[in-house]
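Q: Encoded as structure tokens, here's the structure I'll be asking about.
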Amino acid sequence: MSDKRVRVRFAPSPTGGLHLGGVRTALFNYLFAKKHNGDFILRVEDTDQSRYVEGAEQYIIDCLNWCGISPDESPVTQGNYGPYRQSERKSLYRQYAEKLVMDGHAYYAFDTTEELERNRKEVPNFQYGHAYRKSLRNSIALPQHEVDALLAAHTPHVIRLKVPEDQSVSFTDIIRGRVTFETNQVDDKVLLKADGMPTYHLAVVVDDYLMQISHAFRGEEWLPSAPVHLLLWDYLGWKADMPKWAHLPLILKPDGNGKLSKRDGARLGFPVYAMNWDGVDGFKEMGFLPEAFVNFLATLGWNDGTGQEVFSLEELIQKFSLERISKAGARFDFEKAKWYNAEWIKKQTAERLKEKVKTVLADKGIDIKSDAYLLTIIDLIKDRCVLLTDFYQQAGYFFEKPKEYDLNSVKPKWTDDKTDFFNAFKALLIGTELTAVDMEAKFKALAEEKELKTGDVMLPFRIMLVGGKFGPHVFDIAALLGKDETINRIEKALITFAN
RNA sequence: GGCCCGUUCGUCUAGGGGUUAGGACAGGAGAUUUUCAUUCUUCAAACAGGGGUUCGAUUCCCCUACGGGCUACCA
């Protein structure tokens with residue numbers, strides 16, 4: 001690494017929202033920057049106006065914040081290298097594009113979309129490059145006076161990069177090593193569009209240079225356009241300042257082939273966004289802890305080599321290294337994601353879970369009156385929850401009577417003896433509040449006295465209190481509910497069970 | 001089609017010229033819990049194929065196959 005300060009940038013397009021691959025790129029950028037005490041910059045690629053989505057920029061920032069990541073410089077926080085929205089840097093890009101034209105590394109092209117489409121259709125393997133550019137409508141093929149006339153008449157045009165013939169361009173990717181391309185295979189990419197907006201190709205290079213980016217990480221899908229960027233760094237005379245590149249492996253569909261897309265989420269029933277986007281629930285709404293989400297994402301294509309799987313964000317910063325990022329694409333596995341969440345719920349203290357659990361319960365209409373009571377319950381049940389939303393099923397009955405009973409488990413085996421037993425047990429509870437241990441002892445003694453097997457009355461008791469065959473130790477539940485509520489629930493259930 | 005990247009259990013991966021190829025998720029079996037989950041024990045499960053190089057290749061090289069990406073005035 002050079003002595004240059006580490007500065008990395010995350011540059012999402014706001015067009016498609018923030019899907020998994022995007023958040024992971026952001027995360028890796030962030031981890032690397034923080035590990036080296038560098039800057040993490042958020043720059044927004046909003047130059048494709050036709051696809052711009054209102055609110056996308058704030059959404060991206062919200063997602064990052066939820067993950068515990070905050071950019072040092074962004075359209076919101078600002079910094080010394082702004083503006084951070086590409087649409088606000090428009091004039092800058094034109095200036096460099098014109099310079100390239102002046103230096104003979106780029107040219108004006110007047111071809112219309114229709115003309116290009118026709119060429120692509122009619123000419124086999126058509127490519128706007130050295131082989132065809134001389135026969136198209138551009139400032140290389142056309143005589144100078146004609147070009148001047150077209151320009152003077154404000155004819156719509158783009159600026160294209162003049163890719164040289166018969167050269168090979170290579171660079172060293174941190175993850176993949178030496179990668180080489182033949183320039184004959186790369187076409188004359190549009191640098192500046194007819195509307196004056198830059199394409200990604202021009203914008204990355206100009207921004208990375210002006211913002212003094214030291215390391216650039218992006219998805220593997222960008223690898224084929226790397227030669228374009230390399231050429232640009234060279235032609236603009238900035239080669240010595242070019243960032244080090246790392247092309248991250250792709251996140252693939254859990255089934256079948258291809259990279260993960262937003263449709264896969266709807267199709268397979270799991271989120272592909274960090275947070276709700278476009279009406280589709282994200283990991284947050286699904287009941288994921290941000291710690292688990294970040295942990296899962298970081299280990300998708302990266303590991304520390306020790307076998308450790310659960311990492312906090314702080315640990316990730318400490319242990320992250322580019323060398324340990326794998327080359328191959330990683331298939332997204334929702335089951336594993338859930339496992340991480342369960343681990344994080346178990347790991348977290350009740351206090352830290354409290355507000356999130358309150359939100360889950362509030363969504364179901366349960367209002368928490370006592371924090372102490374809730375904390376006790378969280379500690380009792382958190383090991384049984386995989387998603388935060390599971391807290392409703394696991395904790396709901398502490399706050400409201402069961403709405404339904406698992407009658408199939410009790411009714412067929414119900415007898416009058418059992419009715420007698422519960423009436424007697426109810427009577428036993430009146431008076432003082434019992435501890436779980438004492439209550440269990442009395443319950444068992446009574447069962448013995450009535451010549452019933454403990455097991456035969458335990459399950460009905462659970463169903464009376466909880467509604468189903470789940471939850472922690474019954475007597476813990478009963479003790480927590482208190483004698484009045486327990487008696488109440490026995491009475492109410494008895495009516496249903498005995499009929 | 002062309003170019004680029006990749007390939008270890010079903011999935012995520014560790015390893016690396018000589019290993020019983022290790023771990024985790026998911027799956028099976030069992031123990032604990034008079035529920036369910038947790039926890040614990042345990043089982044099954046992989047180096048894409050072919051050529052080299054080498055005493056020896058899963059590991060290094062080449063080819064093939066397969067997978068993926070890109071091939072827009074999208075990023």
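Residue numbering restarts at 1 for every chain of the structure tokens, chains are lettered A, B, ... in their displayed order, and ligands are numbered from 1 as they appear.
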Leaving out segment 493-497 of chain A and any residue of its chain fewer than 5 positions from it, which residues lie within 9 Å of it when counting only C-alpha atoms (C1' of nucleotides), given as a list of chain:residue names?
A: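 Close residues of segment 493-497 of chain A: A:Tyr405, A:Leu407, A:Val410, A:Lys411, A:Trp414, A:Thr419, A:Phe422, A:Asn423, A:Pro460, A:Ile463, A:Met464, A:Leu465, A:Asn488.
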Q: Would you tabulate, counting only C-alpha atoms (C1' of nucleotides), all residues of chain B that have an atom at most 12 Å from an atom of chain A, showing the closest pair of atoms and their distance in Å to one decimal, sorted by chain then ascending number, as CSV?
A:
```
residue,atom,partner,partner_atom,distance
B:G1,C1',A:Asn125,CA,7.7
B:G2,C1',A:Asn125,CA,7.9
B:C3,C1',A:Gln185,CA,6.5
B:C4,C1',A:Pro224,CA,5.8
B:C5,C1',A:Glu220,CA,7.8
B:G6,C1',A:Ala328,CA,5.4
B:U7,C1',A:Ala328,CA,7.9
B:G10,C1',A:Asp255,CA,10.8
B:U11,C1',A:Asp333,CA,6.6
B:C12,C1',A:Leu300,CA,6.9
B:U13,C1',A:Asn303,CA,7.9
B:A14,C1',A:Gly305,CA,6.5
B:G15,C1',A:Gly305,CA,9.6
B:G22,C1',A:Gly307,CA,9.4
B:G23,C1',A:Gly307,CA,6.0
B:A24,C1',A:Glu309,CA,7.6
B:C25,C1',A:Lys336,CA,5.1
B:A26,C1',A:Glu335,CA,7.2
B:U33,C1',A:His473,CA,8.9
B:U34,C1',A:Gly455,CA,4.7
B:U35,C1',A:Lys469,CA,4.7
B:C36,C1',A:Phe470,CA,3.8
B:A37,C1',A:Arg384,CA,4.8
B:U38,C1',A:Asp383,CA,5.8
B:U39,C1',A:Asp383,CA,10.3
B:G67,C1',A:Asn257,CA,7.9
B:G68,C1',A:Gly258,CA,6.7
B:G69,C1',A:Glu221,CA,5.2
B:C70,C1',A:Pro224,CA,5.5
B:U71,C1',A:Pro224,CA,8.7
B:A72,C1',A:Val190,CA,9.4
B:C73,C1',A:Lys193,CA,4.7
B:C74,C1',A:Asp48,CA,7.3
B:A75,C1',A:Ser13,CA,6.2
```
Q: Would you mind listing what lies within 9 Å of A46 of chain B as a list in words, with only C-alpha atoms (C1' of nucleotides) counted and same-chain residues fewer than 3 positions away left out?
A: U8, C9 and A21 of chain B
Q: Those selected residues, please, written with C-alpha atoms (C1' of nucleotides) and delivered as a PDB file, in the first residue's frame.
A:
```
ATOM      1  C1'   U B   8     -13.516 -28.708  -2.272  1.00  0.00           C
ATOM      2  C1'   C B   9     -19.745 -32.225   1.164  1.00  0.00           C
ATOM      3  C1'   A B  21      -9.465 -33.521   3.391  1.00  0.00           C
TER       4        A B  21
END
```
Q: A:Ser214, A:Asn65, A:Asn341, A:Ser139: which is nearest Val101 of chain A, counting only C-alpha atoms?
A: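 Looking only at the distances to Val101 of chain A, the closest residue turns out to be A:Ser139.
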Q: Can you work out which one of B:C55, B:A44, B:A29, B:C60 has the shortest atom-to-atom distance to G16 of chain B, counting only C-alpha atoms (C1' of nucleotides)?
A: B:C60
Q: Just the number, please: distance in Å from atom CA of Leu452 of chain A to atom CA of Glu404 of chain A, one decimal.
A: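 Going from atom CA of Leu452 of chain A over to atom CA of Glu404 of chain A, I get 25.7 Å.
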Q: Skip Lys162 of chain A itself and residues of its chain fewer than 2 positions away, then list as a VMD selection string all residues within 7 Å of it, counting only C-alpha atoms (C1' of nucleotides).
A: chain A and resid 105 to 107 160 164 188
Q: Can you pull out every residue within 8 Å of Lys354 of chain A, counting only C-alpha atoms (C1' of nucleotides), but drop anything in the same chain fewer than 4 positions away, and send it as a ChimeraX atom specification?
A: /A:350,358,374-375,378
Q: The selected residues should be written to file as a JSON list (two decimals), in the first residue's frame (atoms: N, CA and C atoms).
A:
```json
[["chain", "number", "residue", "atom", "x", "y", "z"],
["A", 350, "ALA", "N", -31.09, -9.01, 27.50],
["A", 350, "ALA", "CA", -32.51, -8.68, 27.45],
["A", 350, "ALA", "C", -32.68, -7.17, 27.33],
["A", 358, "LYS", "N", -40.43, -4.84, 22.21],
["A", 358, "LYS", "CA", -41.60, -3.98, 22.45],
["A", 358, "LYS", "C", -42.28, -3.62, 21.14],
["A", 374, "LEU", "N", -41.11, -7.56, 31.39],
["A", 374, "LEU", "CA", -40.71, -7.88, 30.02],
["A", 374, "LEU", "C", -39.28, -8.43, 29.97],
["A", 375, "LEU", "N", -38.40, -7.82, 30.74],
["A", 375, "LEU", "CA", -37.01, -8.26, 30.77],
["A", 375, "LEU", "C", -36.89, -9.71, 31.25],
["A", 378, "ILE", "N", -38.06, -11.92, 28.42],
["A", 378, "ILE", "CA", -37.09, -12.01, 27.32],
["A", 378, "ILE", "C", -35.99, -13.00, 27.67]]
```
Q: Kindly indicate which residue among A:Asp39, A:Glu451, A:Asp62, A:Glu291 lies nearest to Asn276 of chain A, using only C-alpha atoms for the distances.
A: A:Asp62
Q: Just give me the gap between atom CA of Arg9 of chain A and atom CA of Lys253 of chain A in Å, one decimal is fine.
A: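 Those two atoms sit 26.3 Å apart.
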Q: Within 10 Å of segment 146-152 of chain A, counting only C-alpha atoms (C1' of nucleotides), which residues qualify if same-chain residues fewer than 5 places away don't, as a compact mmCIF listing (two decimals) with C-alpha atoms, in the first residue's frame?
A:
```txt
# COMPACT_ATOMS: atom_id res chain seq x y z
CA TYR A 108 -17.88 13.30 -30.82
CA ALA A 109 -20.39 10.82 -32.16
CA PHE A 110 -23.64 11.88 -33.78
CA ARG A 137 -21.12 9.45 -37.99
CA ASN A 138 -18.48 10.87 -35.71
CA SER A 139 -15.70 13.42 -35.58
CA ILE A 140 -13.15 10.87 -36.70
CA ALA A 141 -14.97 9.77 -39.84
CA HIS A 157 -24.13 13.94 -29.73
```
Q: Mind pulling up the distance from atom CA of Gly21 of chain A to atom CA of Ile213 of chain A?
A: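 Atom-to-atom, atom CA of Ile213 of chain A and atom CA of Gly21 of chain A are spaced 21.0 Å apart.
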Q: Would you list the contacts of C61 of chain B as a list in words, taking every protein, DNA or RNA residue within 12 Å and counting only C-alpha atoms (C1' of nucleotides), but skipping same-chain residues closer than 3 positions in sequence?
A: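 In the requested form, the answer reads G51, G52, U53 and A57 of chain B.
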Q: Can those selected residues be exported to a file as a PDB file, in the first residue's frame so that it contains C-alpha atoms (C1' of nucleotides)?
A:
```pdb
ATOM      1  C1'   G B  51      -3.503 -34.757 -19.699  1.00  0.00           C
ATOM      2  C1'   G B  52       1.206 -33.164 -17.949  1.00  0.00           C
ATOM      3  C1'   U B  53       5.300 -31.690 -13.932  1.00  0.00           C
ATOM      4  C1'   A B  57      -1.044 -34.260  -6.912  1.00  0.00           C
TER       5        A B  57
END
```
Q: So which residues of segment 111-190 of chain A fall under strand (DSSP E or B) by DSSP, listed as a list in words?
A: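 Filtering segment 111-190 of chain A down to strand (DSSP E or B) leaves Asn138, Val158, Ile159, Arg160, Leu161, Ser168, Val169, Ser170, Phe171, Thr172, Asp173, Gly177, Arg178, Val179, Thr180, Phe181, Glu182 and Val190 of chain A.
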Q: So which bits of segment 100-184 of chain A end up helix (DSSP H, G or I) when you DSSP the backbone, as a list in words?
A: Leu100, Val101, Met102, Thr113, Glu114, Glu115, Leu116, Glu117, Arg118, Asn119, Arg120, Lys121, Glu122, Arg133, Lys134, Ser135, Gln144, His145, Glu146, Val147, Asp148, Ala149, Leu150, Leu151, Ala152, Thr183 and Asn184 of chain A
Q: Could you write out the selected residues, including C-alpha atoms, as a JSON list (two decimals), in the first residue's frame?
A:
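This is the output file part_24.json:
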```
[["chain", "number", "residue", "atom", "x", "y", "z"],
["A", 100, "LEU", "CA", -9.93, 13.90, -23.88],
["A", 101, "VAL", "CA", -11.35, 14.96, -27.23],
["A", 102, "MET", "CA", -8.75, 17.70, -27.46],
["A", 113, "THR", "CA", -30.12, 5.32, -31.42],
["A", 114, "GLU", "CA", -31.96, 4.00, -34.46],
["A", 115, "GLU", "CA", -28.82, 3.99, -36.58],
["A", 116, "LEU", "CA", -26.94, 2.08, -33.94],
["A", 117, "GLU", "CA", -29.71, -0.40, -33.49],
["A", 118, "ARG", "CA", -29.78, -1.02, -37.19],
["A", 119, "ASN", "CA", -26.06, -1.64, -37.24],
["A", 120, "ARG", "CA", -26.26, -4.02, -34.35],
["A", 121, "LYS", "CA", -28.98, -5.93, -36.08],
["A", 122, "GLU", "CA", -27.46, -6.02, -39.56],
["A", 133, "ARG", "CA", -15.84, 3.85, -36.18],
["A", 134, "LYS", "CA", -14.47, 5.18, -39.46],
["A", 135, "SER", "CA", -17.71, 4.32, -41.22],
["A", 144, "GLN", "CA", -13.85, 18.77, -39.94],
["A", 145, "HIS", "CA", -16.20, 21.34, -41.49],
["A", 146, "GLU", "CA", -19.09, 18.93, -41.24],
["A", 147, "VAL", "CA", -18.34, 18.24, -37.59],
["A", 148, "ASP", "CA", -18.19, 21.96, -36.90],
["A", 149, "ALA", "CA", -21.51, 22.46, -38.61],
["A", 150, "LEU", "CA", -23.18, 19.68, -36.67],
["A", 151, "LEU", "CA", -21.79, 21.07, -33.43],
["A", 152, "ALA", "CA", -22.84, 24.59, -34.30],
["A", 183, "THR", "CA", -8.13, -3.47, -26.54],
["A", 184, "ASN", "CA", -9.48, -4.86, -29.80]]
```
